[in-house]
Amino acid sequence: MDNFSRFEAASASDILAWAIDTFGDSFAIATSFQKEGMVILDLASRISAGIRVFTLDTGRLPDETYRMMETVRQRYGIPVEVVFPERDDVEELVAFHGPNLFYSSVPARQRCCDVRKVRPLERKLETFKAWATGLRRDQSETRAAIPKVDSDPAGRMKICPLADWSADQVEEYIARHDVPVHPLYASGYTSIGCAPCTRAVQPGESERAGRWWWEQDAKKECGIHFAPDGSVARDIAPEAETKEMHKGFTVWFTGMSGAGKSTISRLLELKLRQFGARVEVLDGDVVRTHLSKGLGFSKEDRDENVRRIGFVCELLARNGVVAIAAAISPYRDVRDEVRARIPNFVEVFVECPVEVLAARDVKGLYRRALAGEIPQFTGVSDPYEPPRAPEVTVNTSRETPEESVEKIWATLERSGLLSFDRSPLAH
Ligand code: SF4
């Protein structure tokens, strides 16, 4: 921050003029069309006609914000660049925790902000050398120390030209220059974000009281802006968070072909990832094309395949990763051998009657195996030895994959392998 202390005495206009002149097209204004963002936009438009402006469309914005995008386009002739979250991230988030997870806890809300705001912002910022935002120091305690100009670890400038402005100064500028104002201010809003997470404030409440209003004693930030010292940082630090959230352990799915090992393991993977866990899945089919390429289907080769998967799981778990193995692994003795070698080993038996597997099997492999056409087909023409004492048994002829994941999750919790609180993100 010391390098930029000279900007503390500079006016908002001078700082913007410097940024536009220094960074050109690599400078942009980030705005959600609140009053401060509009003031910056208005100031910058008086300096240059070619400024870049971008906004995040979280998918949960109020209609009035879209109207503001159009207003800016018409009034200033600026094509607002709209940044969206990654589709896959949002689909996973909603599939696992429902569309309104943010009401259940602060971590759940931060997870939503991470997917819908922080990651898209980071992606967009990679294309710039400097960006401006409308933060002010007197908006909240978490903003009290923000510098006017700062740099992040990537060397990118974050510019808060209104850092030392009061709310009255903002109002006065808007009135003097007839700056367009977001319509929700007229309904008592003092800070505007996503529709489900923002409400009007009551007289006497702080400016940001309407943001995530159901949270008590939480920092009312979305993770985009500040570290406690006011420097540019992400609030959610996945790596640090992960260390506290789980130990390294192995979940070993065993069961016949088509029983549902891959489906359930992927669902479990997604759920763990939603909590910030580091997870790797070793799927039997994929492993056979890489790690175990060339191995056949004799007992020796099948055992060797299981030992190799076990070796990788052991390495991963030792380094704090959740290793998920999904492999038929038909022989009990080699499974037990792997279990004996790996600490924190959770065996999941994915059970399903052969007749159900045959009915499900669109490729007709079970039918052909039952007709004697396929040798060494596990469970039909080759042995499958069910575990005698698995930590979890799921039966996919009677349970949905989601129910199976719940059972496994409960076992992991009971075993003390998950150290995070499940309730916040429960759907
Ligand atoms: S403000 Fe609410 S809806 Fe918007 S990203 Fe954050 S938690 Fe999700």
# chains A, B, ... in the order shown; residues from 1 in each chain; ligands from 1
>>> residues_around(residues="Gln274 (chain A)", least_positions_apart="6", cutoff="9 Å", atoms="only C-alpha atoms", output="number ranges by chain")
A: 92-93, 96-97, 111, 425
>>> residues_near_ligand(ligand="ligand 1", cutoff="12 Å", atoms="only C-alpha atoms and all ligand atoms", output="ChimeraX atom specification")
/A:32,56-62,84-85,90,93-94,97-121,191-199,210-215,220-224
>>> residues_around(residues="Ala44 (chain A)", least_positions_apart="6", cutoff="8 Å", atoms="only C-alpha atoms", output="PyMOL selection string")
chain A and resi 13+16-17+51
>>> atom_distance(atom1="CA of Glu337 (chain A)", atom2="CA of Ser292 (chain A)")
18.3 Å
>>> select_by_dssp(residues="region 222-377 of chain A", states="alpha helix (DSSP H)", output="MDAnalysis selection string")
chainID A and resid 238:245 261:274 284:289 299:318 332:341 354:360 365:370
>>> write_last_selection(atoms="C-alpha atoms", output="JSON list (two decimals), in the first residue's frame")
[["chain", "number", "residue", "atom", "x", "y", "z"],
["A", 238, "PRO", "CA", -10.35, -22.78, -0.58],
["A", 239, "GLU", "CA", -7.02, -24.34, 0.33],
["A", 240, "ALA", "CA", -6.93, -23.06, 3.87],
["A", 241, "GLU", "CA", -10.59, -23.87, 4.33],
["A", 242, "THR", "CA", -10.07, -27.39, 3.05],
["A", 243, "LYS", "CA", -7.40, -28.17, 5.58],
["A", 244, "GLU", "CA", -9.85, -27.66, 8.38],
["A", 245, "MET", "CA", -12.70, -29.43, 6.69],
["A", 261, "LYS", "CA", -20.63, -47.27, -8.31],
["A", 262, "SER", "CA", -19.66, -44.53, -10.77],
["A", 263, "THR", "CA", -22.93, -42.62, -10.40],
["A", 264, "ILE", "CA", -22.84, -42.60, -6.62],
["A", 265, "SER", "CA", -19.14, -41.86, -6.45],
["A", 266, "ARG", "CA", -19.56, -38.83, -8.72],
["A", 267, "LEU", "CA", -22.45, -37.56, -6.60],
["A", 268, "LEU", "CA", -20.37, -37.99, -3.49],
["A", 269, "GLU", "CA", -17.49, -36.21, -5.18],
["A", 270, "LEU", "CA", -19.73, -33.27, -6.09],
["A", 271, "LYS", "CA", -21.11, -33.02, -2.59],
["A", 272, "LEU", "CA", -17.65, -33.07, -1.05],
["A", 273, "ARG", "CA", -16.49, -30.42, -3.49],
["A", 274, "GLN", "CA", -19.39, -28.20, -2.51],
["A", 284, "GLY", "CA", -12.31, -48.50, -12.65],
["A", 285, "ASP", "CA", -13.01, -48.01, -16.36],
["A", 286, "VAL", "CA", -10.78, -44.93, -16.56],
["A", 287, "VAL", "CA", -8.02, -46.57, -14.52],
["A", 288, "ARG", "CA", -7.90, -49.47, -16.93],
["A", 289, "THR", "CA", -7.16, -47.12, -19.82],
["A", 299, "LYS", "CA", -7.71, -63.08, -10.97],
["A", 300, "GLU", "CA", -4.04, -62.04, -10.92],
["A", 301, "ASP", "CA", -4.65, -59.09, -13.21],
["A", 302, "ARG", "CA", -7.79, -58.02, -11.40],
["A", 303, "ASP", "CA", -5.90, -58.15, -8.11],
["A", 304, "GLU", "CA", -3.02, -56.18, -9.57],
["A", 305, "ASN", "CA", -5.51, -53.55, -10.78],
["A", 306, "VAL", "CA", -6.94, -53.24, -7.27],
["A", 307, "ARG", "CA", -3.47, -52.98, -5.71],
["A", 308, "ARG", "CA", -2.53, -50.16, -8.10],
["A", 309, "ILE", "CA", -5.71, -48.24, -7.33],
["A", 310, "GLY", "CA", -5.09, -48.81, -3.64],
["A", 311, "PHE", "CA", -1.54, -47.49, -3.96],
["A", 312, "VAL", "CA", -2.78, -44.23, -5.51],
["A", 313, "CYS", "CA", -5.54, -43.89, -2.91],
["A", 314, "GLU", "CA", -2.99, -44.28, -0.16],
["A", 315, "LEU", "CA", -0.81, -41.52, -1.61],
["A", 316, "LEU", "CA", -3.75, -39.18, -2.06],
["A", 317, "ALA", "CA", -5.19, -39.77, 1.41],
["A", 318, "ARG", "CA", -1.77, -39.33, 2.99],
["A", 332, "ARG", "CA", -12.37, -60.03, -1.00],
["A", 333, "ASP", "CA", -8.79, -60.94, -0.07],
["A", 334, "VAL", "CA", -7.16, -58.22, -2.14],
["A", 335, "ARG", "CA", -9.72, -55.66, -0.99],
["A", 336, "ASP", "CA", -8.87, -56.57, 2.58],
["A", 337, "GLU", "CA", -5.17, -56.34, 1.76],
["A", 338, "VAL", "CA", -5.69, -52.78, 0.50],
["A", 339, "ARG", "CA", -7.82, -51.93, 3.51],
["A", 340, "ALA", "CA", -5.07, -53.10, 5.84],
["A", 341, "ARG", "CA", -2.58, -50.78, 4.16],
["A", 354, "VAL", "CA", -28.31, -59.65, -11.03],
["A", 355, "GLU", "CA", -31.83, -59.67, -12.47],
["A", 356, "VAL", "CA", -32.14, -55.90, -11.85],
["A", 357, "LEU", "CA", -28.70, -55.32, -13.37],
["A", 358, "ALA", "CA", -29.69, -57.37, -16.40],
["A", 359, "ALA", "CA", -32.93, -55.41, -16.79],
["A", 360, "ARG", "CA", -31.02, -52.11, -16.56],
["A", 365, "LEU", "CA", -23.93, -57.59, -21.54],
["A", 366, "TYR", "CA", -25.66, -59.37, -18.66],
["A", 367, "ARG", "CA", -28.04, -61.12, -21.06],
["A", 368, "ARG", "CA", -25.10, -62.30, -23.16],
["A", 369, "ALA", "CA", -23.11, -63.33, -20.09],
["A", 370, "LEU", "CA", -26.07, -65.25, -18.70]]
>>> closest_residue(among="A:Met38, A:Val281, A:Val380, A:Leu417", to="Gly320 (chain A)", atoms="only C-alpha atoms")
A:Leu417
>>> residues_around(residues="region 255-258 of chain A", least_positions_apart="6", cutoff="6 Å", atoms="only C-alpha atoms", output="PDB file with N, CA and C atoms, in the first residue's frame")
ATOM      1  N   ILE A 328     -14.973 -52.561  -9.672  1.00  0.00           N
ATOM      2  CA  ILE A 328     -15.686 -53.794  -9.318  1.00  0.00           C
ATOM      3  C   ILE A 328     -14.972 -54.485  -8.164  1.00  0.00           C
ATOM      4  N   PHE A 349     -20.261 -51.119  -0.136  1.00  0.00           N
ATOM      5  CA  PHE A 349     -20.732 -52.212  -0.985  1.00  0.00           C
ATOM      6  C   PHE A 349     -21.971 -51.723  -1.741  1.00  0.00           C
ATOM      7  N   VAL A 350     -21.843 -51.651  -3.060  1.00  0.00           N
ATOM      8  CA  VAL A 350     -22.972 -51.222  -3.899  1.00  0.00           C
ATOM      9  C   VAL A 350     -23.681 -52.490  -4.381  1.00  0.00           C
TER      10      VAL A 350
END
>>> select_by_dssp(residues="region 225-405 of chain A", states="strand (DSSP E)", output="number ranges by chain")
A: 249-255, 279-283, 322-326, 345-351, 392-395
>>> write_last_selection(atoms="C-alpha atoms", output="compact mmCIF listing (two decimals), in the first residue's frame")
# COMPACT_ATOMS: atom_id res chain seq x y z
CA PHE A 249 -9.43 -40.74 3.61
CA THR A 250 -10.46 -43.34 1.07
CA VAL A 251 -13.96 -44.32 0.05
CA TRP A 252 -13.81 -47.61 -1.82
CA PHE A 253 -16.86 -48.56 -3.87
CA THR A 254 -17.13 -52.23 -4.74
CA GLY A 255 -19.96 -53.93 -6.59
CA VAL A 279 -11.31 -35.01 -4.01
CA GLU A 280 -10.04 -37.40 -6.66
CA VAL A 281 -12.09 -40.19 -8.18
CA LEU A 282 -10.38 -43.29 -9.53
CA ASP A 283 -13.00 -44.89 -11.70
CA VAL A 322 -10.34 -37.64 -0.31
CA ALA A 323 -9.69 -40.59 -2.63
CA ILE A 324 -12.75 -42.25 -4.11
CA ALA A 325 -12.23 -45.59 -5.84
CA ALA A 326 -15.05 -47.01 -7.91
CA PHE A 345 -10.58 -46.71 4.67
CA VAL A 346 -14.33 -46.76 4.13
CA GLU A 347 -15.68 -49.64 2.10
CA VAL A 348 -19.01 -49.13 0.37
CA PHE A 349 -20.73 -52.21 -0.98
CA VAL A 350 -22.97 -51.22 -3.90
CA GLU A 351 -25.47 -54.04 -3.94
CA VAL A 392 -21.73 -48.96 4.29
CA THR A 393 -24.04 -51.04 2.13
CA VAL A 394 -26.22 -49.29 -0.39
CA ASN A 395 -28.80 -51.11 -2.45
>>> closest_residue(among="A:Phe128, A:Phe297, A:Tyr173, A:Tyr66", to="Ala12 (chain A)", atoms="only C-alpha atoms")
A:Tyr173
>>> atom_distance(atom1="CA of Arg414 (chain A)", atom2="CA of Ser329 (chain A)")
25.4 Å
>>> atom_distance(atom1="CA of Pro153 (chain A)", atom2="CA of Ser5 (chain A)")
17.5 Å
>>> residues_around(residues="Phe33 (chain A)", least_positions_apart="5", cutoff="12 Å", atoms="only C-alpha atoms", output="PyMOL selection string")
chain A and resi 38-42+53-57+61-62+64-73+80+133-134+179-185+191-193
>>> write_last_selection(atoms="C-alpha atoms", output="mmCIF file, in the first residue's frame")
data_model
loop_
_atom_site.group_PDB
_atom_site.id
_atom_site.type_symbol
_atom_site.label_atom_id
_atom_site.label_comp_id
_atom_site.auth_asym_id
_atom_site.auth_seq_id
_atom_site.Cartn_x
_atom_site.Cartn_y
_atom_site.Cartn_z
ATOM 1 C CA MET A 38 -22.736 5.365 -11.300
ATOM 2 C CA VAL A 39 -20.747 8.328 -9.967
ATOM 3 C CA ILE A 40 -17.490 6.694 -11.048
ATOM 4 C CA LEU A 41 -18.958 5.880 -14.418
ATOM 5 C CA ASP A 42 -20.147 9.463 -14.842
ATOM 6 C CA VAL A 53 -17.632 -1.075 -17.905
ATOM 7 C CA PHE A 54 -18.531 -4.554 -16.741
ATOM 8 C CA THR A 55 -21.075 -6.050 -14.385
ATOM 9 C CA LEU A 56 -21.700 -9.490 -12.923
ATOM 10 C CA ASP A 57 -24.991 -11.148 -13.742
ATOM 11 C CA LEU A 61 -30.476 -9.936 -10.008
ATOM 12 C CA PRO A 62 -33.603 -7.827 -9.585
ATOM 13 C CA GLU A 64 -34.471 -3.080 -11.896
ATOM 14 C CA THR A 65 -30.760 -3.846 -12.336
ATOM 15 C CA TYR A 66 -31.330 -4.994 -15.900
ATOM 16 C CA ARG A 67 -33.183 -1.754 -16.527
ATOM 17 C CA MET A 68 -30.123 0.119 -15.251
ATOM 18 C CA MET A 69 -27.913 -1.729 -17.740
ATOM 19 C CA GLU A 70 -30.108 -0.402 -20.483
ATOM 20 C CA THR A 71 -30.140 3.091 -18.994
ATOM 21 C CA VAL A 72 -26.334 3.187 -18.953
ATOM 22 C CA ARG A 73 -26.191 1.966 -22.512
ATOM 23 C CA VAL A 80 -21.852 -2.865 -20.590
ATOM 24 C CA THR A 133 -15.074 -0.080 -7.912
ATOM 25 C CA GLY A 134 -17.321 2.157 -5.823
ATOM 26 C CA VAL A 179 -26.761 10.846 -12.773
ATOM 27 C CA PRO A 180 -29.252 7.978 -13.307
ATOM 28 C CA VAL A 181 -30.139 6.219 -10.054
ATOM 29 C CA HIS A 182 -31.102 2.580 -9.564
ATOM 30 C CA PRO A 183 -34.906 2.483 -9.080
ATOM 31 C CA LEU A 184 -34.688 0.386 -5.893
ATOM 32 C CA TYR A 185 -33.269 3.331 -3.937
ATOM 33 C CA SER A 191 -27.226 -1.166 -1.036
ATOM 34 C CA ILE A 192 -28.262 -3.319 -3.973
ATOM 35 C CA GLY A 193 -27.225 -6.832 -4.856
#
>>> closest_residue(among="A:Glu171, A:Glu91, A:Asp152, A:Glu402", to="Lys129 (chain A)", atoms="only C-alpha atoms")
A:Asp152
>>> residues_around(residues="Ser26 (chain A)", least_positions_apart="6", cutoff="9 Å", atoms="only C-alpha atoms", output="PDB file with all heavy atoms, in the first residue's frame")
ATOM      1  N   ILE A  20      -7.073   5.757 -16.589  1.00  0.00           N
ATOM      2  CA  ILE A  20      -7.449   5.673 -18.006  1.00  0.00           C
ATOM      3  C   ILE A  20      -6.227   5.910 -18.888  1.00  0.00           C
ATOM      4  O   ILE A  20      -5.987   5.215 -19.877  1.00  0.00           O
ATOM      5  CB  ILE A  20      -8.578   6.693 -18.304  1.00  0.00           C
ATOM      6  CG1 ILE A  20      -9.869   6.258 -17.596  1.00  0.00           C
ATOM      7  CG2 ILE A  20      -8.797   6.853 -19.804  1.00  0.00           C
ATOM      8  CD1 ILE A  20     -10.945   7.333 -17.542  1.00  0.00           C
ATOM      9  N   ARG A  52     -14.283   1.212 -20.428  1.00  0.00           N
ATOM     10  CA  ARG A  52     -14.920  -0.111 -20.378  1.00  0.00           C
ATOM     11  C   ARG A  52     -15.631  -0.283 -19.036  1.00  0.00           C
ATOM     12  O   ARG A  52     -15.103   0.093 -17.987  1.00  0.00           O
ATOM     13  CB  ARG A  52     -13.869  -1.216 -20.564  1.00  0.00           C
ATOM     14  CG  ARG A  52     -13.300  -1.234 -21.972  1.00  0.00           C
ATOM     15  CD  ARG A  52     -12.297  -2.338 -22.138  1.00  0.00           C
ATOM     16  NE  ARG A  52     -12.914  -3.668 -22.075  1.00  0.00           N
ATOM     17  CZ  ARG A  52     -12.215  -4.807 -22.159  1.00  0.00           C
ATOM     18  NH1 ARG A  52     -10.898  -4.765 -22.298  1.00  0.00           N
ATOM     19  NH2 ARG A  52     -12.826  -5.962 -22.096  1.00  0.00           N
ATOM     20  N   THR A 127      -8.395 -10.371 -17.409  1.00  0.00           N
ATOM     21  CA  THR A 127      -8.221  -9.681 -18.693  1.00  0.00           C
ATOM     22  C   THR A 127      -7.841  -8.199 -18.521  1.00  0.00           C
ATOM     23  O   THR A 127      -7.713  -7.489 -19.503  1.00  0.00           O
ATOM     24  CB  THR A 127      -9.492  -9.783 -19.554  1.00  0.00           C
ATOM     25  OG1 THR A 127     -10.552  -9.058 -18.902  1.00  0.00           O
ATOM     26  CG2 THR A 127      -9.922 -11.230 -19.733  1.00  0.00           C
ATOM     27  N   PHE A 128      -7.726  -7.746 -17.258  1.00  0.00           N
ATOM     28  CA  PHE A 128      -7.423  -6.334 -17.012  1.00  0.00           C
ATOM     29  C   PHE A 128      -6.139  -6.152 -16.208  1.00  0.00           C
ATOM     30  O   PHE A 128      -5.722  -7.047 -15.481  1.00  0.00           O
ATOM     31  CB  PHE A 128      -8.564  -5.675 -16.228  1.00  0.00           C
ATOM     32  CG  PHE A 128      -9.865  -5.639 -16.986  1.00  0.00           C
ATOM     33  CD1 PHE A 128     -10.959  -6.373 -16.542  1.00  0.00           C
ATOM     34  CD2 PHE A 128      -9.990  -4.887 -18.138  1.00  0.00           C
ATOM     35  CE1 PHE A 128     -12.153  -6.353 -17.243  1.00  0.00           C
ATOM     36  CE2 PHE A 128     -11.181  -4.863 -18.848  1.00  0.00           C
ATOM     37  CZ  PHE A 128     -12.261  -5.591 -18.397  1.00  0.00           C
ATOM     38  N   LYS A 129      -5.584  -4.929 -16.333  1.00  0.00           N
ATOM     39  CA  LYS A 129      -4.450  -4.572 -15.473  1.00  0.00           C
ATOM     40  C   LYS A 129      -4.903  -3.695 -14.311  1.00  0.00           C
ATOM     41  O   LYS A 129      -4.169  -3.525 -13.340  1.00  0.00           O
ATOM     42  CB  LYS A 129      -3.395  -3.815 -16.290  1.00  0.00           C
ATOM     43  CG  LYS A 129      -2.698  -4.709 -17.318  1.00  0.00           C
ATOM     44  CD  LYS A 129      -1.560  -3.959 -17.985  1.00  0.00           C
ATOM     45  CE  LYS A 129      -0.849  -4.888 -18.959  1.00  0.00           C
ATOM     46  NZ  LYS A 129      -0.424  -4.196 -20.145  1.00  0.00           N
ATOM     47  N   ALA A 130      -6.078  -3.108 -14.445  1.00  0.00           N
ATOM     48  CA  ALA A 130      -6.589  -2.246 -13.369  1.00  0.00           C
ATOM     49  C   ALA A 130      -8.109  -2.207 -13.445  1.00  0.00           C
ATOM     50  O   ALA A 130      -8.680  -2.341 -14.528  1.00  0.00           O
ATOM     51  CB  ALA A 130      -6.029  -0.837 -13.512  1.00  0.00           C
ATOM     52  N   TRP A 131      -8.748  -2.048 -12.278  1.00  0.00           N
ATOM     53  CA  TRP A 131     -10.211  -1.934 -12.277  1.00  0.00           C
ATOM     54  C   TRP A 131     -10.635  -1.009 -11.156  1.00  0.00           C
ATOM     55  O   TRP A 131      -9.942  -0.860 -10.145  1.00  0.00           O
ATOM     56  CB  TRP A 131     -10.885  -3.294 -12.156  1.00  0.00           C
ATOM     57  CG  TRP A 131     -10.609  -4.065 -10.906  1.00  0.00           C
ATOM     58  CD1 TRP A 131      -9.383  -4.491 -10.477  1.00  0.00           C
ATOM     59  CD2 TRP A 131     -11.555  -4.503  -9.937  1.00  0.00           C
ATOM     60  NE1 TRP A 131      -9.515  -5.187  -9.314  1.00  0.00           N
ATOM     61  CE2 TRP A 131     -10.833  -5.213  -8.948  1.00  0.00           C
ATOM     62  CE3 TRP A 131     -12.937  -4.403  -9.817  1.00  0.00           C
ATOM     63  CZ2 TRP A 131     -11.452  -5.787  -7.848  1.00  0.00           C
ATOM     64  CZ3 TRP A 131     -13.554  -4.983  -8.727  1.00  0.00           C
ATOM     65  CH2 TRP A 131     -12.821  -5.664  -7.750  1.00  0.00           C
TER      66      TRP A 131
END
